[in-house]
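Chemist: Got my_file.cif for you, mmCIF, C-alpha atoms:
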```
data_query
loop_
_atom_site.label_atom_id
_atom_site.label_comp_id
_atom_site.auth_asym_id
_atom_site.auth_seq_id
_atom_site.Cartn_x
_atom_site.Cartn_y
_atom_site.Cartn_z
CA MET A 1 -30.39 16.24 -14.38
CA LEU A 2 -26.73 15.30 -14.59
CA ASN A 3 -24.56 14.71 -17.60
CA THR A 4 -21.75 12.29 -16.74
CA PHE A 5 -18.74 11.12 -18.66
CA PRO A 6 -15.73 9.08 -17.55
CA VAL A 7 -12.43 10.81 -16.90
CA HIS A 8 -9.31 8.70 -17.05
CA SER A 9 -6.12 10.19 -15.69
CA GLU A 10 -2.82 9.05 -14.31
CA VAL A 11 -1.62 10.49 -11.00
CA GLY A 12 1.72 9.38 -9.63
CA GLY A 13 1.66 6.09 -11.51
CA HIS A 14 -1.93 5.35 -10.45
CA SER A 15 -4.81 5.42 -12.89
CA LEU A 16 -7.70 7.56 -11.74
CA THR A 17 -11.03 6.75 -13.33
CA TRP A 18 -14.25 8.29 -12.13
CA GLN A 19 -17.43 9.77 -13.43
CA CYS A 20 -17.48 13.56 -13.55
CA SER A 21 -20.93 14.84 -12.81
CA LEU A 22 -21.35 17.96 -14.86
CA ALA A 23 -24.46 19.87 -13.92
CA LEU A 24 -26.27 21.29 -16.89
CA ASP A 25 -25.94 24.79 -15.45
CA PHE A 26 -22.17 24.78 -16.18
CA PRO A 27 -21.61 26.67 -19.40
CA ARG A 28 -20.73 24.59 -22.42
CA GLU A 29 -17.45 26.50 -22.82
CA ALA A 30 -16.36 25.47 -19.31
CA VAL A 31 -17.04 21.79 -20.05
CA GLU A 32 -15.24 21.95 -23.40
CA CYS A 33 -12.21 23.70 -21.86
CA PHE A 34 -12.19 21.10 -19.08
CA GLN A 35 -12.22 18.20 -21.56
CA ARG A 36 -9.46 19.85 -23.60
CA GLY A 37 -7.38 20.41 -20.45
CA VAL A 38 -7.72 16.76 -19.42
CA GLU A 39 -6.69 15.66 -22.91
CA LEU A 40 -3.62 17.91 -22.77
CA LEU A 41 -2.69 16.56 -19.34
CA GLN A 42 -2.91 13.02 -20.67
CA LEU A 43 -0.61 14.03 -23.53
CA GLY A 44 1.89 15.45 -21.03
CA ASP A 45 1.31 19.12 -21.91
CA ALA A 46 0.85 20.63 -18.46
CA GLY A 47 1.33 24.19 -19.75
CA GLY A 48 -1.43 23.84 -22.34
CA ALA A 49 -3.64 22.17 -19.77
CA LEU A 50 -3.11 25.13 -17.42
CA VAL A 51 -4.51 27.51 -20.02
CA ALA A 52 -7.55 25.38 -20.85
CA LEU A 53 -8.36 24.46 -17.24
CA SER A 54 -7.86 28.05 -16.05
CA ARG A 55 -10.39 29.17 -18.64
CA SER A 56 -12.78 26.47 -17.46
CA THR A 57 -12.58 27.68 -13.85
CA GLU A 58 -12.94 31.32 -14.95
CA VAL A 59 -16.16 30.50 -16.78
CA ALA A 60 -17.48 28.19 -14.03
CA PRO A 61 -15.79 28.93 -10.67
CA ALA A 62 -17.83 26.21 -8.90
CA PHE A 63 -16.64 23.47 -11.28
CA GLY A 64 -14.87 21.21 -8.75
CA GLU A 65 -13.43 18.67 -11.21
CA ALA A 66 -11.79 21.49 -13.17
CA HIS A 67 -10.14 22.71 -9.97
CA VAL A 68 -8.80 19.18 -9.27
CA PHE A 69 -7.18 18.96 -12.68
CA LEU A 70 -6.01 22.57 -12.56
CA GLY A 71 -4.31 21.77 -9.24
CA LEU A 72 -2.71 18.73 -10.84
CA ALA A 73 -1.53 20.77 -13.85
CA ASN A 74 -0.08 23.41 -11.52
CA ALA A 75 1.76 20.76 -9.52
CA LEU A 76 3.19 19.23 -12.71
CA SER A 77 4.34 22.73 -13.75
CA ASN A 78 6.08 23.23 -10.37
CA ARG A 79 3.59 25.89 -9.29
CA ILE A 80 3.02 24.42 -5.85
CA TYR A 81 1.05 27.14 -4.07
CA PRO A 82 -1.57 27.51 -6.81
CA ALA A 83 -1.78 23.70 -6.93
CA ILE A 84 -2.56 23.52 -3.22
CA ASP A 85 -5.05 26.39 -3.50
CA HIS A 86 -7.00 24.73 -6.33
CA LEU A 87 -7.00 21.30 -4.70
CA GLU A 88 -8.22 22.75 -1.39
CA LEU A 89 -10.91 24.70 -3.25
CA ALA A 90 -11.98 21.54 -5.09
CA ALA A 91 -12.22 19.70 -1.76
CA ARG A 92 -14.40 22.50 -0.35
CA LEU A 93 -16.61 22.63 -3.45
CA GLN A 94 -17.01 18.84 -3.51
CA PRO A 95 -16.52 17.40 -0.02
CA ASP A 96 -17.42 13.93 -1.35
CA SER A 97 -14.78 13.95 -4.11
CA PHE A 98 -12.26 11.15 -3.70
CA ALA A 99 -10.07 12.64 -6.45
CA ALA A 100 -9.77 16.03 -4.74
CA HIS A 101 -8.85 14.63 -1.33
CA TYR A 102 -6.56 11.89 -2.71
CA THR A 103 -4.64 14.31 -4.94
CA LEU A 104 -4.32 16.81 -2.08
CA ALA A 105 -3.02 14.05 0.22
CA GLN A 106 -0.53 12.91 -2.40
CA LEU A 107 0.76 16.46 -2.96
CA ASN A 108 1.13 17.08 0.78
CA PHE A 109 3.06 13.84 1.20
CA LYS A 110 5.36 14.77 -1.71
CA LEU A 111 5.96 18.16 -0.08
CA ARG A 112 6.75 16.40 3.22
CA ILE A 113 3.77 17.85 5.06
CA PRO A 114 2.55 14.59 6.60
CA GLN A 115 0.01 16.11 9.02
CA LYS A 116 -1.98 17.69 6.20
CA GLY A 117 -1.42 14.63 4.02
CA TYR A 118 -2.88 12.28 6.61
CA ALA A 119 -5.84 14.64 7.17
CA ALA A 120 -6.58 14.71 3.42
CA ALA A 121 -6.14 10.91 3.22
CA GLU A 122 -8.65 10.48 6.04
CA ARG A 123 -11.16 12.62 4.14
CA ALA A 124 -10.42 10.62 0.97
CA LEU A 125 -11.14 7.40 2.87
CA ARG A 126 -14.63 8.67 3.66
CA CYS A 127 -15.18 9.25 -0.07
CA VAL A 128 -14.02 5.84 -1.31
CA SER A 129 -16.62 4.23 -3.54
CA THR A 130 -14.65 1.50 -5.35
CA LEU A 131 -12.15 -1.17 -4.47
CA GLU A 132 -9.61 0.45 -6.83
CA GLN A 133 -9.82 3.73 -4.90
CA ARG A 134 -9.30 1.90 -1.61
CA LYS A 135 -6.24 0.14 -3.05
CA MET A 136 -4.82 3.43 -4.34
CA LEU A 137 -5.25 5.08 -0.94
CA THR A 138 -3.77 2.08 0.87
CA GLN A 139 -0.75 2.14 -1.45
CA LEU A 140 -0.27 5.88 -0.92
CA LEU A 141 -0.34 5.48 2.87
CA LYS A 142 1.99 2.49 2.70
CA GLU A 143 4.51 4.49 0.65
CA GLU A 144 4.31 7.43 3.05
CA ARG A 145 4.89 5.22 6.09
CA ALA A 146 7.89 3.62 4.38
CA ARG A 147 9.26 7.09 3.59
CA GLU A 148 8.79 8.16 7.21
CA ASN A 149 10.52 5.04 8.54
CA SER A 150 13.52 5.38 6.23
CA GLY A 151 13.99 9.15 6.49
CA ILE A 152 15.19 11.60 9.06
CA ALA A 153 12.46 12.80 11.37
CA ARG A 154 11.56 16.42 10.74
CA PRO A 155 10.86 18.63 13.73
CA TRP A 156 7.30 19.76 14.23
CA PHE A 157 7.38 23.33 15.50
CA GLY A 158 3.74 23.39 16.54
CA LYS A 159 4.64 21.33 19.61
CA ALA A 160 5.10 23.22 22.88
CA TYR A 161 8.39 23.01 24.77
CA SER A 162 8.49 20.99 27.97
CA LYS A 163 9.20 22.69 31.32
CA PRO A 164 12.41 20.70 31.93
CA GLY A 165 13.62 21.58 28.43
CA LEU A 166 12.94 25.29 28.99
CA PHE A 167 14.63 25.17 32.42
CA LEU A 168 17.72 23.53 30.93
CA ALA A 169 17.92 26.07 28.07
CA CYS A 170 17.50 29.03 30.44
CA SER A 171 20.10 27.61 32.84
CA GLY A 172 22.59 27.24 30.00
CA LEU A 173 21.93 30.80 28.83
CA ALA A 174 22.35 32.13 32.37
CA ALA A 175 25.68 30.24 32.71
CA VAL A 176 26.98 31.71 29.45
CA LEU A 177 25.95 35.24 30.46
CA GLY A 178 27.53 34.79 33.90
CA ALA A 179 30.81 33.61 32.36
CA LEU A 180 30.86 36.57 29.98
CA LEU A 181 30.24 39.06 32.82
CA LEU A 182 33.05 37.59 34.91
CA HIS A 183 35.60 37.72 32.11
CA VAL A 184 34.79 41.16 30.73
CA ARG A 185 36.61 44.03 32.44
CA TRP A 186 34.46 47.03 33.19
#
```
Please rewrite the model in this file as structure tokens.
Modeler:
Amino acid sequence: MLNTFPVHSEVGGHSLTWQCSLALDFPREAVECFQRGVELLQLGDAGGALVALSRSTEVAPAFGEAHVFLGLANALSNRIYPAIDHLELAARLQPDSFAAHYTLAQLNFKLRIPQKGYAAAERALRCVSTLEQRKMLTQLLKEERARENSGIARPWFGKAYSKPGLFLACSGLAAVLGALLLHVRW
């Protein structure tokens, strides 16, 4: 049996509303800390929310919604690596959670990691259940594409060098070494 209640939150100017399914096997303390953390986030107290949501995840480590909001509170407190860790954990705990994937995509786009952002957005698309969620995701992708088109392209170092590029670089290095050897007196 599931106990559900609506959670309303604002993420990046977008209102997130969804039903949190709280299994009855989550301890009452975890649920109460979660609700308090969400309230503190809505009031703009990210530090207080960190304490309450951290307690919630300590008591119930498999509580996916708490990890989503803890990731959000960490991001708002400029603790980026813990934010990413909690959002990724929430996405693993609840692979069908739109909120986890959407928030992870948004954070990756803000950090200018578009490959991971697009991957999380694709997973979020598979979790869309309402028209509002689809609109939010469409808007996020539209903003990211506009940012990419107006910004300077960042190099992607996972791409292998081409053979002509390597040949040109080695030839230039050989020319510089040859010039140095000719001009240095032994």
Chemist: Give me the result of the PyMOL selection byres ((chain A and resi 53-65) around 7) on this file, residue by residue, as a ChimeraX atom specification.
Modeler: /A:20,26-27,30-31,33-34,37,49-52,66-70,90,93-94
Chemist: Could you dump the residues just selected with C-alpha atoms as a CSV table (one decimal), in the coordinates of the input?
Modeler:
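The resulting file, result06.csv, is shown below:
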```
chain,number,residue,atom,x,y,z
A,20,CYS,CA,-17.5,13.6,-13.6
A,26,PHE,CA,-22.2,24.8,-16.2
A,27,PRO,CA,-21.6,26.7,-19.4
A,30,ALA,CA,-16.4,25.5,-19.3
A,31,VAL,CA,-17.0,21.8,-20.0
A,33,CYS,CA,-12.2,23.7,-21.9
A,34,PHE,CA,-12.2,21.1,-19.1
A,37,GLY,CA,-7.4,20.4,-20.4
A,49,ALA,CA,-3.6,22.2,-19.8
A,50,LEU,CA,-3.1,25.1,-17.4
A,51,VAL,CA,-4.5,27.5,-20.0
A,52,ALA,CA,-7.6,25.4,-20.8
A,66,ALA,CA,-11.8,21.5,-13.2
A,67,HIS,CA,-10.1,22.7,-10.0
A,68,VAL,CA,-8.8,19.2,-9.3
A,69,PHE,CA,-7.2,19.0,-12.7
A,70,LEU,CA,-6.0,22.6,-12.6
A,90,ALA,CA,-12.0,21.5,-5.1
A,93,LEU,CA,-16.6,22.6,-3.4
A,94,GLN,CA,-17.0,18.8,-3.5
```
Chemist: Which residue gives the smallest distance to Arg112 in chain A among A:Leu180, A:Leu72, A:Ile152, A:Leu43, with all atoms listed in the file counted?
Modeler: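 Answer, going by the shortest atom-to-atom distance: A:Ile152.
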Chemist: Just to confirm, what's the straight-line distance from CA of Thr138 in chain A to CA of Leu104 in chain A in Å (one decimal)?
Modeler: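 Computing it gives 15.0 Å between the two atoms.
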Chemist: Can you tell me how far CA of Ala121 in chain A sits from CA of Lys135 in chain A, in Å to one decimal?
Modeler: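 Computing it gives 12.5 Å between the two atoms.
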Chemist: Quick one: everything within 8 Å of Tyr102 in chain A, counting all atoms listed in the file, minus sequence neighbours fewer than 3 positions away in the same chain. Send it as a list of chain:residue names.
Modeler: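 Near Tyr102 in chain A, the qualifying residues are A:Phe98, A:Ala99, A:Ala105, A:Gln106, A:Ala120, A:Ala121, A:Ala124, A:Leu137.
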Chemist: Report, in Å with one decimal, the straight-line distance from CA of Pro95 in chain A to CA of Glu122 in chain A.
Modeler: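 Spanning CA of Pro95 in chain A to CA of Glu122 in chain A is a straight-line distance of 12.1 Å.
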Chemist: As AutoDock Vina command-line options, what would the box around range 91-98 of chain A look like: edges along x, y and z, 6 Å added on every side, centre and edge lengths in Å to one decimal?
Modeler:
```
--center_x -14.8 --center_y 16.9 --center_z -2.1 --size_x 17.2 --size_y 23.5 --size_z 16.1
```
Chemist: Which is closest to Cys127 in chain A among A:Ala100, A:Glu39, A:Gln139, A:Gly151, if we use only C-alpha atoms?
Modeler: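 The closest residue to Cys127 in chain A is A:Ala100.
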Chemist: Looking at A:His101, A:Arg92, A:His183, A:Arg79, which one is nearest to Leu125 in chain A, with distances taken over only C-alpha atoms?
Modeler: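 Result for the nearest residue to Leu125 in chain A: A:His101.
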Chemist: Leu111 in chain A: which residues within 12 Å, counting only C-alpha atoms, same-chain residues fewer than 2 positions away excluded, as a ChimeraX atom specification?
Modeler: /A:75,78,80-81,83-84,104-109,113-117,144
